[in-house]
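Presented below is the structure to which this report refers.
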Amino acid sequence: MKLSSYFLPTLRQAPGDADNISTKLMFRAALIRKLASGIYEWLPLGFKVLKKVENIVREELDKIGAQEVWLPVIQPKDLWVETGRWAVYGKELLRIKDRKDSEFCFAPTAEEVITNMVRRDVTSHRQLPMTLYQFGAKFRDEIRPRFGVMRAREFYMKDAYSFHATEEDCENYYKVMFKAYERIFKRCGFKFMSVEADSGPIGGNLSHEFMVISETGEAQIALCDCGYAANVEKAEAAESEYSIDESKFKPMADIATPDMYTVEDVANFMKISKKRFIKTLFFIADEEPVLALIRGDNELNENKLRKALNAVNLEKASETVYQSISDCKVGFAGPVDIKSRFKSSKDSSKPLKTIIADYALKGVLNGVSGANKDDYHTVNINIGRDYNPDAFADLHVASEGDLCLKCGNPLKFSRGIEVGQTFKLGVKYSKSLKCEFVDEHQKSIPMVMGCYGIGISRIVAAAIEQSNDKDGIIWPPSIAPFEISLITIETEDEEVYKTSERIYNEIHKIGMTVLWDERNERAGIKFKDSDLIGLPYRIVISAKTLKDSECEFKMRSSDKAERWKLSELSAKLLELKNKI
RNA sequence: CGGGGUGUGGCUCAAUGGUAGAGCGUUCGCUUGGGGUGCGAGAGACCCCGGGUUCGAUUCCCGGCACCCCGACCA
């Protein structure tokens, strides 16, 4: 491609709202432009990268027998009602109506549609297993899009779905897919790791996320030297050994804390560590009010609470429920005698029956919590003496100081960008959508499913996030939009231009891709643009080196340039090509 | 959803109660030719939309919209 006619409007400055490195570079190198919040246009250079990534993914999936399809982005409400997700998905699901007022949604994922497709035409165990996949735009109406295409509302994704006759077959294929994912991310040039994940709204009982390791990543990972690695949303902590010396118990006392609603406020006011605070959180679990207790420095993990309670629905209690149970303003409830404070007058909420506490509270001596009295907190609350939870469980989001469930050593924490996730779904969708097949015994049973996503557009951002310098992007050769940046310094010098053109054609002949900067611009501009765009190999043709029948060769990732004989250029490039 | 901020040429930003300016980019000419060079000339903005106050509003007030930031499980 000749640069003079290529749509590549590079910018010297990134737009003011670009909020991380990869987004700034993607704007400056003219990969993307923004159309609306979380919605992006992909320019030719960016689109090329997208296609490069797509191809790697396609090759690896085809290798494991998956078949490519193309599914609608606009999907009818009915199917979503069948699986119950029309109600469950919430505002992230963008809903639209057509001219007849029929309701549709813009696909955030495609389990419904694909399962519907398969249930119609796959009816026998002889047709299984089967894996289908597609590339396509997905839309999720994120609360707060940020970090450019990394957390966009519309994004480009690969989603694959596998259908199996047995649990065992599904599990085996899950491993095959897992290996394919490892090959894909390796080929993209990533430093990555796979971690255990929570399956979230998609469902299922086994899930992994593939994380590109990056300090700027949104996801937090809990790691252990023993090999355990999990998303913090999922990471479980081992119960530490707690011992409290009852002889150190002090008498309880109420202290005035006007208008101090948060642990932060009260801890600062009393000059007591947050670790001595007992957070009291009210939830409604399947219609019943529940009190969850967490140590002041920890965060509650709702998934863990849901599991501990064995609840289907879990939501934070409303202010009225809070007040009718504690009989005080929000922010001042505490565990002491809480069950007996219920005032039913305020609404129809039920009395509190269950108090569940995080293990860590077993180690809190002379704790602090709300006094169940407006503007007061109680100090020196002790477990056993002053309150007794009905149950203990691991309820908090894993954090510094927690111990590995597998080996007991302290967990470490790191950050990553999630570029892919695999789920073993089981029969969640096949059951609700009656996606069944007839087995050898003439019995109709639901298929066992797996689903597997890769964020293609996010991969592009992650690649840049992981590989750049002060001058711009440094593409891994496998996903670079072009392999070679060919720069002609004195375009008006006929010999220089002619030689450049010859080399340009030669590069094509050996099957490599090249972006030729033959603009009538100054050298500085060309070098700056070339570094910004970040193609892996750079060849410079100028009068200076041409007089020795040489050109200059430089890798984007190194700062040393070499002189290459023009006569050897093709052979040397071929060598490079074979390494990609 | 709550709080805050911003909206002025393609980009980054100024200024102003009397309808606007810079840098970058762009166009033309010259210059230069190995790291965003220098000079000159030119094009390009009904100052987000609607309403109000005013003789007069891009500027002040109100409403809307868009975008950005922070928070959203806090107790």
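Following the order of the structure tokens, chains are lettered A, B, ..., residues in each are numbered from 1, and ligands are numbered from 1.
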Using only C-alpha atoms (C1' of nucleotides), which protein or nucleic acid residues come within 7 Å of range 27-34 of chain B? Drop anything in the same chain fewer than 2 positions from it, and give the result as JSON, numbers by chain. {"A": [490, 522, 523], "B": [37, 38, 43]}
For the residues in that selection, give me N, CA and C atoms (P, O5', C5', C4', C3', O3' and C1' of nucleotides) as a PDB file, in the first residue's frame.
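Written output follows (again09.pdb):
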ATOM      1  N   GLU A 490      14.250  10.711  -0.105  1.00  0.00           N
ATOM      2  CA  GLU A 490      14.180  11.787  -1.105  1.00  0.00           C
ATOM      3  C   GLU A 490      13.334  11.301  -2.278  1.00  0.00           C
ATOM      4  N   ARG A 522       9.036  15.475   4.825  1.00  0.00           N
ATOM      5  CA  ARG A 522      10.384  15.464   5.376  1.00  0.00           C
ATOM      6  C   ARG A 522      10.640  14.163   6.122  1.00  0.00           C
ATOM      7  N   ALA A 523      11.899  13.843   6.223  1.00  0.00           N
ATOM      8  CA  ALA A 523      12.286  12.578   6.854  1.00  0.00           C
ATOM      9  C   ALA A 523      11.714  12.445   8.263  1.00  0.00           C
TER      10      ALA A 523
ATOM     11  P     U B  37       8.198  20.247  12.631  1.00  0.00           P
ATOM     12  O5'   U B  37       9.581  20.715  11.989  1.00  0.00           O
ATOM     13  C5'   U B  37      10.775  20.724  12.752  1.00  0.00           C
ATOM     14  C4'   U B  37      11.734  21.724  12.157  1.00  0.00           C
ATOM     15  C3'   U B  37      11.131  23.097  11.852  1.00  0.00           C
ATOM     16  O3'   U B  37      11.087  23.916  13.001  1.00  0.00           O
ATOM     17  C1'   U B  37      12.397  22.354  10.004  1.00  0.00           C
ATOM     18  P     G B  38       9.949  24.996  13.111  1.00  0.00           P
ATOM     19  O5'   G B  38      10.404  26.097  12.064  1.00  0.00           O
ATOM     20  C5'   G B  38      11.518  26.943  12.353  1.00  0.00           C
ATOM     21  C4'   G B  38      11.842  27.794  11.155  1.00  0.00           C
ATOM     22  C3'   G B  38      10.706  28.662  10.636  1.00  0.00           C
ATOM     23  O3'   G B  38      10.523  29.827  11.410  1.00  0.00           O
ATOM     24  C1'   G B  38      11.788  27.614   8.824  1.00  0.00           C
ATOM     25  P     A B  43      -8.908  33.551   3.306  1.00  0.00           P
ATOM     26  O5'   A B  43      -9.391  32.032   3.259  1.00  0.00           O
ATOM     27  C5'   A B  43      -9.933  31.481   2.059  1.00  0.00           C
ATOM     28  C4'   A B  43     -10.180  30.008   2.267  1.00  0.00           C
ATOM     29  C3'   A B  43     -11.089  29.674   3.443  1.00  0.00           C
ATOM     30  O3'   A B  43     -12.446  29.773   3.079  1.00  0.00           O
ATOM     31  C1'   A B  43      -9.175  28.290   3.490  1.00  0.00           C
TER      32        A B  43
END
Once you count only C-alpha atoms (C1' of nucleotides), what closest atom pair and distance in Å to one decimal does each residue of chain B within 12 Å of chain A have, with rows by chain and rising residue number, as CSV?
residue,atom,partner,partner_atom,distance
B:C1,C1',A:Ile143,CA,9.4
B:U6,C1',A:Asp17,CA,10.8
B:G10,C1',A:Pro9,CA,10.0
B:C11,C1',A:Pro15,CA,6.8
B:U12,C1',A:Gln13,CA,7.0
B:C13,C1',A:Gly16,CA,10.3
B:G23,C1',A:Gln13,CA,11.6
B:C24,C1',A:Arg12,CA,7.5
B:G25,C1',A:Leu11,CA,8.2
B:U26,C1',A:Pro9,CA,11.3
B:U31,C1',A:Arg522,CA,11.8
B:U32,C1',A:Arg522,CA,7.9
B:G33,C1',A:Arg522,CA,6.1
B:G34,C1',A:Ala523,CA,6.2
B:G35,C1',A:Gly524,CA,4.3
B:G36,C1',A:Ile525,CA,5.1
B:U37,C1',A:Arg522,CA,8.5
B:A66,C1',A:Ala36,CA,8.7
B:C67,C1',A:Ser37,CA,7.3
B:C68,C1',A:Asp17,CA,6.3
B:C69,C1',A:Asp17,CA,9.8
B:C70,C1',A:Arg144,CA,11.5
B:G71,C1',A:Arg144,CA,11.6
B:A72,C1',A:Ile143,CA,10.4
B:C73,C1',A:Lys316,CA,7.2
B:C74,C1',A:Thr262,CA,6.7
B:A75,C1',A:Gly331,CA,3.7
Would you list the contacts of Asp394 in chain A as a list of chain:residue names, taking every protein, DNA or RNA residue within 8 Å and counting only C-alpha atoms (C1' of nucleotides), but skipping same-chain residues closer than 4 positions in sequence?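 The residues that qualify are A:Glu236, A:Ala237, A:Ala238, A:Glu239, A:Lys304, A:Ala308, A:Asp358, A:Tyr359.
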Selected residue, from A:Gln134, A:Ile464, A:Glu483, A:Asn578, that lies nearest to Ala29 in chain A when counting only C-alpha atoms: A:Ile464
Per-residue DSSP, range 216-366 of chain A, filtered to alpha helix (DSSP H), as a list in words: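 Assigned to alpha helix (DSSP H), within range 216-366 of chain A: Val263, Glu264, Asp265, Val266, Ala267, Asn268, Phe269, Met270, Glu302, Asn303, Lys304, Leu305, Arg306, Lys307, Ala308, Leu309, Glu319, Thr320, Val321, Tyr322, Gln323, Ser324, Ile325 and Ser326 of chain A.
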Which residues are near Glu506 in chain A? Cut-off 12 Å, only C-alpha atoms (C1' of nucleotides), ignore same chain within fewer than 3 positions. Put them as a PDB file with N, CA and C atoms, in the first residue's frame.
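Output file selection06.pdb follows:
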ATOM      1  N   LEU A 486       8.167   0.733   4.596  1.00  0.00           N
ATOM      2  CA  LEU A 486       9.194   1.116   3.617  1.00  0.00           C
ATOM      3  C   LEU A 486       9.186   2.632   3.496  1.00  0.00           C
ATOM      4  N   THR A 499      14.298   2.932  -7.250  1.00  0.00           N
ATOM      5  CA  THR A 499      14.784   1.809  -6.446  1.00  0.00           C
ATOM      6  C   THR A 499      13.741   1.408  -5.405  1.00  0.00           C
ATOM      7  N   SER A 500      13.150   2.401  -4.772  1.00  0.00           N
ATOM      8  CA  SER A 500      12.128   2.126  -3.762  1.00  0.00           C
ATOM      9  C   SER A 500      10.982   1.332  -4.370  1.00  0.00           C
ATOM     10  N   GLU A 501      10.560   1.800  -5.539  1.00  0.00           N
ATOM     11  CA  GLU A 501       9.444   1.154  -6.203  1.00  0.00           C
ATOM     12  C   GLU A 501       9.778  -0.302  -6.525  1.00  0.00           C
ATOM     13  N   ARG A 502      11.040  -0.521  -6.961  1.00  0.00           N
ATOM     14  CA  ARG A 502      11.479  -1.878  -7.284  1.00  0.00           C
ATOM     15  C   ARG A 502      11.401  -2.760  -6.029  1.00  0.00           C
ATOM     16  N   ILE A 503      11.873  -2.209  -4.915  1.00  0.00           N
ATOM     17  CA  ILE A 503      11.873  -2.970  -3.666  1.00  0.00           C
ATOM     18  C   ILE A 503      10.441  -3.235  -3.182  1.00  0.00           C
ATOM     19  N   LYS A 509       6.339  -9.601  -4.063  1.00  0.00           N
ATOM     20  CA  LYS A 509       6.606 -10.866  -4.722  1.00  0.00           C
ATOM     21  C   LYS A 509       6.900 -11.978  -3.717  1.00  0.00           C
ATOM     22  N   ILE A 510       7.603 -11.639  -2.644  1.00  0.00           N
ATOM     23  CA  ILE A 510       7.891 -12.684  -1.662  1.00  0.00           C
ATOM     24  C   ILE A 510       6.746 -12.873  -0.674  1.00  0.00           C
ATOM     25  N   GLY A 511       5.649 -12.152  -0.924  1.00  0.00           N
ATOM     26  CA  GLY A 511       4.443 -12.426  -0.137  1.00  0.00           C
ATOM     27  C   GLY A 511       4.392 -11.736   1.211  1.00  0.00           C
ATOM     28  N   MET A 512       5.096 -10.618   1.336  1.00  0.00           N
ATOM     29  CA  MET A 512       4.968  -9.872   2.588  1.00  0.00           C
ATOM     30  C   MET A 512       4.140  -8.616   2.354  1.00  0.00           C
ATOM     31  N   THR A 513       3.617  -8.058   3.448  1.00  0.00           N
ATOM     32  CA  THR A 513       2.807  -6.860   3.321  1.00  0.00           C
ATOM     33  C   THR A 513       3.651  -5.643   3.685  1.00  0.00           C
ATOM     34  N   VAL A 514       3.409  -4.567   2.964  1.00  0.00           N
ATOM     35  CA  VAL A 514       4.257  -3.386   3.146  1.00  0.00           C
ATOM     36  C   VAL A 514       3.453  -2.103   2.992  1.00  0.00           C
ATOM     37  N   LEU A 566      21.320  -4.281  -1.002  1.00  0.00           N
ATOM     38  CA  LEU A 566      20.048  -4.410  -1.725  1.00  0.00           C
ATOM     39  C   LEU A 566      19.914  -5.776  -2.376  1.00  0.00           C
ATOM     40  N   SER A 567      21.047  -6.310  -2.826  1.00  0.00           N
ATOM     41  CA  SER A 567      21.000  -7.593  -3.526  1.00  0.00           C
ATOM     42  C   SER A 567      20.577  -8.738  -2.599  1.00  0.00           C
ATOM     43  N   GLU A 568      20.787  -8.546  -1.289  1.00  0.00           N
ATOM     44  CA  GLU A 568      20.448  -9.624  -0.356  1.00  0.00           C
ATOM     45  C   GLU A 568      19.082  -9.423   0.301  1.00  0.00           C
ATOM     46  N   LEU A 569      18.448  -8.305  -0.023  1.00  0.00           N
ATOM     47  CA  LEU A 569      17.220  -7.916   0.689  1.00  0.00           C
ATOM     48  C   LEU A 569      16.159  -9.010   0.671  1.00  0.00           C
ATOM     49  N   SER A 570      15.839  -9.497  -0.526  1.00  0.00           N
ATOM     50  CA  SER A 570      14.761 -10.481  -0.642  1.00  0.00           C
ATOM     51  C   SER A 570      15.025 -11.714   0.196  1.00  0.00           C
ATOM     52  N   ALA A 571      16.251 -12.212   0.112  1.00  0.00           N
ATOM     53  CA  ALA A 571      16.591 -13.426   0.858  1.00  0.00           C
ATOM     54  C   ALA A 571      16.443 -13.201   2.358  1.00  0.00           C
ATOM     55  N   LEU A 573      14.597 -10.969   3.863  1.00  0.00           N
ATOM     56  CA  LEU A 573      13.189 -10.779   4.244  1.00  0.00           C
ATOM     57  C   LEU A 573      12.469 -12.121   4.317  1.00  0.00           C
ATOM     58  N   LEU A 574      12.802 -12.984   3.379  1.00  0.00           N
ATOM     59  CA  LEU A 574      12.170 -14.306   3.388  1.00  0.00           C
ATOM     60  C   LEU A 574      12.447 -15.035   4.699  1.00  0.00           C
TER      61      LEU A 574
END
If you run DSSP over the backbone, which residues in range 528-569 of chain A end up strand (DSSP E)? Put them as a JSON list (two decimals) with C-alpha atoms, in the first residue's frame.
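So states-v7.json came out as:
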[["chain", "number", "residue", "atom", "x", "y", "z"],
["A", 537, "TYR", "CA", 10.24, -4.00, 10.29],
["A", 538, "ARG", "CA", 11.45, -0.77, 8.73],
["A", 539, "ILE", "CA", 13.39, -0.36, 5.51],
["A", 540, "VAL", "CA", 14.73, 3.06, 4.57],
["A", 541, "ILE", "CA", 15.81, 3.93, 1.05],
["A", 550, "GLU", "CA", 22.52, -0.59, 0.45],
["A", 551, "CYS", "CA", 19.42, 0.19, 2.41],
["A", 552, "GLU", "CA", 18.80, 0.55, 6.09],
["A", 553, "PHE", "CA", 16.93, -2.07, 8.08],
["A", 554, "LYS", "CA", 15.59, -1.67, 11.60],
["A", 555, "MET", "CA", 13.27, -3.58, 13.86],
["A", 561, "ALA", "CA", 19.72, -0.05, 12.57],
["A", 562, "GLU", "CA", 21.63, -2.26, 10.17],
["A", 563, "ARG", "CA", 22.87, -1.73, 6.63],
["A", 564, "TRP", "CA", 21.65, -4.36, 4.21],
["A", 565, "LYS", "CA", 22.94, -4.95, 0.67]]
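Taking CA of Phe437 in chain A and CA of Arg119 in chain A as endpoints, the distance between them is 8.0 Å.
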Skipping near chain neighbours, those fewer than 3 positions away, what residues fall within 10 Å of range 47-58 of chain B using only C-alpha atoms (C1' of nucleotides), listed as a PDB file with N, CA and C atoms (P, O5', C5', C4', C3', O3' and C1' of nucleotides), in the first residue's frame?
ATOM      1  P     G B   7     -16.340  24.547  28.174  1.00  0.00           P
ATOM      2  O5'   G B   7     -17.018  23.684  27.019  1.00  0.00           O
ATOM      3  C5'   G B   7     -16.193  23.055  26.029  1.00  0.00           C
ATOM      4  C4'   G B   7     -17.048  22.233  25.095  1.00  0.00           C
ATOM      5  C3'   G B   7     -17.809  23.033  24.043  1.00  0.00           C
ATOM      6  O3'   G B   7     -17.731  22.364  22.792  1.00  0.00           O
ATOM      7  C1'   G B   7     -19.307  21.680  25.294  1.00  0.00           C
ATOM      8  P     U B   8     -16.444  22.461  21.950  1.00  0.00           P
ATOM      9  O5'   U B   8     -16.431  23.996  21.515  1.00  0.00           O
ATOM     10  C5'   U B   8     -17.523  24.546  20.812  1.00  0.00           C
ATOM     11  C4'   U B   8     -17.088  25.820  20.182  1.00  0.00           C
ATOM     12  C3'   U B   8     -15.790  25.734  19.414  1.00  0.00           C
ATOM     13  O3'   U B   8     -16.005  25.245  18.100  1.00  0.00           O
ATOM     14  C1'   U B   8     -15.680  27.579  20.862  1.00  0.00           C
ATOM     15  P     U B  16     -11.972  36.873  29.624  1.00  0.00           P
ATOM     16  O5'   U B  16     -13.051  37.645  28.750  1.00  0.00           O
ATOM     17  C5'   U B  16     -12.731  38.902  28.175  1.00  0.00           C
ATOM     18  C4'   U B  16     -13.776  39.248  27.163  1.00  0.00           C
ATOM     19  C3'   U B  16     -15.215  39.105  27.655  1.00  0.00           C
ATOM     20  O3'   U B  16     -15.634  40.217  28.412  1.00  0.00           O
ATOM     21  C1'   U B  16     -15.009  38.083  25.547  1.00  0.00           C
ATOM     22  P     G B  17     -16.785  40.069  29.493  1.00  0.00           P
ATOM     23  O5'   G B  17     -17.973  39.657  28.536  1.00  0.00           O
ATOM     24  C5'   G B  17     -19.315  39.980  28.879  1.00  0.00           C
ATOM     25  C4'   G B  17     -20.073  40.301  27.604  1.00  0.00           C
ATOM     26  C3'   G B  17     -19.914  41.736  27.163  1.00  0.00           C
ATOM     27  O3'   G B  17     -20.070  41.831  25.746  1.00  0.00           O
ATOM     28  C1'   G B  17     -22.157  41.292  27.561  1.00  0.00           C
ATOM     29  P     G B  18     -18.832  42.065  24.848  1.00  0.00           P
ATOM     30  O5'   G B  18     -19.529  42.555  23.509  1.00  0.00           O
ATOM     31  C5'   G B  18     -20.030  41.599  22.575  1.00  0.00           C
ATOM     32  C4'   G B  18     -20.536  42.324  21.340  1.00  0.00           C
ATOM     33  C3'   G B  18     -19.475  43.066  20.528  1.00  0.00           C
ATOM     34  O3'   G B  18     -19.936  43.141  19.185  1.00  0.00           O
ATOM     35  C1'   G B  18     -21.002  44.614  21.435  1.00  0.00           C
ATOM     36  P     U B  19     -19.097  42.540  18.067  1.00  0.00           P
ATOM     37  O5'   U B  19     -19.764  41.109  17.856  1.00  0.00           O
ATOM     38  C5'   U B  19     -19.566  40.057  18.782  1.00  0.00           C
ATOM     39  C4'   U B  19     -19.784  38.750  18.084  1.00  0.00           C
ATOM     40  C3'   U B  19     -19.100  38.595  16.719  1.00  0.00           C
ATOM     41  O3'   U B  19     -17.718  38.307  16.826  1.00  0.00           O
ATOM     42  C1'   U B  19     -21.305  37.745  16.607  1.00  0.00           C
ATOM     43  P     A B  20     -16.839  38.412  15.576  1.00  0.00           P
ATOM     44  O5'   A B  20     -15.489  38.749  16.332  1.00  0.00           O
ATOM     45  C5'   A B  20     -14.298  38.130  15.906  1.00  0.00           C
ATOM     46  C4'   A B  20     -13.717  37.346  17.069  1.00  0.00           C
ATOM     47  C3'   A B  20     -12.648  36.358  16.623  1.00  0.00           C
ATOM     48  O3'   A B  20     -11.405  37.001  16.780  1.00  0.00           O
ATOM     49  C1'   A B  20     -14.236  35.282  18.018  1.00  0.00           C
ATOM     50  P     C B  61     -24.753  31.643  35.063  1.00  0.00           P
ATOM     51  O5'   C B  61     -26.332  31.831  35.089  1.00  0.00           O
ATOM     52  C5'   C B  61     -26.987  32.411  36.222  1.00  0.00           C
ATOM     53  C4'   C B  61     -28.476  32.333  36.009  1.00  0.00           C
ATOM     54  C3'   C B  61     -29.003  30.953  35.654  1.00  0.00           C
ATOM     55  O3'   C B  61     -29.218  30.161  36.807  1.00  0.00           O
ATOM     56  C1'   C B  61     -29.890  32.533  34.144  1.00  0.00           C
ATOM     57  P     C B  62     -29.084  28.564  36.701  1.00  0.00           P
ATOM     58  O5'   C B  62     -30.433  28.188  35.933  1.00  0.00           O
ATOM     59  C5'   C B  62     -31.703  28.365  36.557  1.00  0.00           C
ATOM     60  C4'   C B  62     -32.799  27.994  35.595  1.00  0.00           C
ATOM     61  C3'   C B  62     -32.667  26.605  34.958  1.00  0.00           C
ATOM     62  O3'   C B  62     -33.123  25.586  35.805  1.00  0.00           O
ATOM     63  C1'   C B  62     -33.183  28.181  33.283  1.00  0.00           C
ATOM     64  P     G B  63     -32.463  24.108  35.682  1.00  0.00           P
ATOM     65  O5'   G B  63     -33.075  23.591  34.303  1.00  0.00           O
ATOM     66  C5'   G B  63     -34.474  23.285  34.222  1.00  0.00           C
ATOM     67  C4'   G B  63     -34.840  22.945  32.802  1.00  0.00           C
ATOM     68  C3'   G B  63     -34.044  21.826  32.154  1.00  0.00           C
ATOM     69  O3'   G B  63     -34.477  20.536  32.548  1.00  0.00           O
ATOM     70  C1'   G B  63     -34.204  23.620  30.648  1.00  0.00           C
ATOM     71  P     G B  64     -33.434  19.326  32.540  1.00  0.00           P
ATOM     72  O5'   G B  64     -33.218  19.076  30.986  1.00  0.00           O
ATOM     73  C5'   G B  64     -34.293  18.562  30.194  1.00  0.00           C
ATOM     74  C4'   G B  64     -33.937  18.617  28.735  1.00  0.00           C
ATOM     75  C3'   G B  64     -32.779  17.735  28.315  1.00  0.00           C
ATOM     76  O3'   G B  64     -33.176  16.387  28.133  1.00  0.00           O
ATOM     77  C1'   G B  64     -32.514  19.864  27.361  1.00  0.00           C
ATOM     78  P     C B  65     -32.160  15.221  28.551  1.00  0.00           P
ATOM     79  O5'   C B  65     -31.140  15.239  27.327  1.00  0.00           O
ATOM     80  C5'   C B  65     -31.605  15.027  26.008  1.00  0.00           C
ATOM     81  C4'   C B  65     -30.522  15.383  25.019  1.00  0.00           C
ATOM     82  C3'   C B  65     -29.178  14.714  25.265  1.00  0.00           C
ATOM     83  O3'   C B  65     -29.146  13.383  24.772  1.00  0.00           O
ATOM     84  C1'   C B  65     -28.827  16.995  24.860  1.00  0.00           C
ATOM     85  P     A B  66     -28.198  12.313  25.502  1.00  0.00           P
ATOM     86  O5'   A B  66     -26.760  12.765  25.003  1.00  0.00           O
ATOM     87  C5'   A B  66     -26.419  12.705  23.626  1.00  0.00           C
ATOM     88  C4'   A B  66     -25.079  13.341  23.410  1.00  0.00           C
ATOM     89  C3'   A B  66     -23.958  12.776  24.269  1.00  0.00           C
ATOM     90  O3'   A B  66     -23.431  11.585  23.724  1.00  0.00           O
ATOM     91  C1'   A B  66     -23.900  15.119  24.369  1.00  0.00           C
TER      92        A B  66
END
Tell me, as a list in words, which residues lie within 9 Å of Arg187 in chain A, counting only C-alpha atoms (C1' of nucleotides); anything in the same chain fewer than 5 positions away does not count.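 The contact residues come out as Ile56, Glu182, Ser478 and Ile479 of chain A.
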What does the file look like for those residues with N, CA and C atoms, as a PDB file, in the first residue's frame?
ATOM      1  N   ILE A  56      -6.307 -15.537  12.961  1.00  0.00           N
ATOM      2  CA  ILE A  56      -5.613 -16.457  13.869  1.00  0.00           C
ATOM      3  C   ILE A  56      -6.655 -17.285  14.622  1.00  0.00           C
ATOM      4  N   GLU A 182      -5.087 -21.219  24.287  1.00  0.00           N
ATOM      5  CA  GLU A 182      -3.682 -20.972  24.630  1.00  0.00           C
ATOM      6  C   GLU A 182      -2.857 -20.724  23.371  1.00  0.00           C
ATOM      7  N   SER A 478       2.799 -11.028  14.201  1.00  0.00           N
ATOM      8  CA  SER A 478       1.657 -11.848  13.815  1.00  0.00           C
ATOM      9  C   SER A 478       0.367 -11.061  13.638  1.00  0.00           C
ATOM     10  N   ILE A 479       0.233  -9.927  14.305  1.00  0.00           N
ATOM     11  CA  ILE A 479      -1.017  -9.175  14.164  1.00  0.00           C
ATOM     12  C   ILE A 479      -0.794  -7.764  13.639  1.00  0.00           C
TER      13      ILE A 479
END
Do you know which residues are at most 8 Å from Pro536 in chain A counting only C-alpha atoms (C1' of nucleotides), after dropping those on the same chain fewer than 2 positions away, and could you put them as JSON, numbers by chain? {"A": [474, 475, 476, 477, 480, 483, 484, 485, 534, 538, 555, 556, 557]}
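Checking B:C60, B:G42, B:G9, B:G3 one by one against G21 in chain B, counting only C-alpha atoms (C1' of nucleotides), you find the shortest gap at B:G9.
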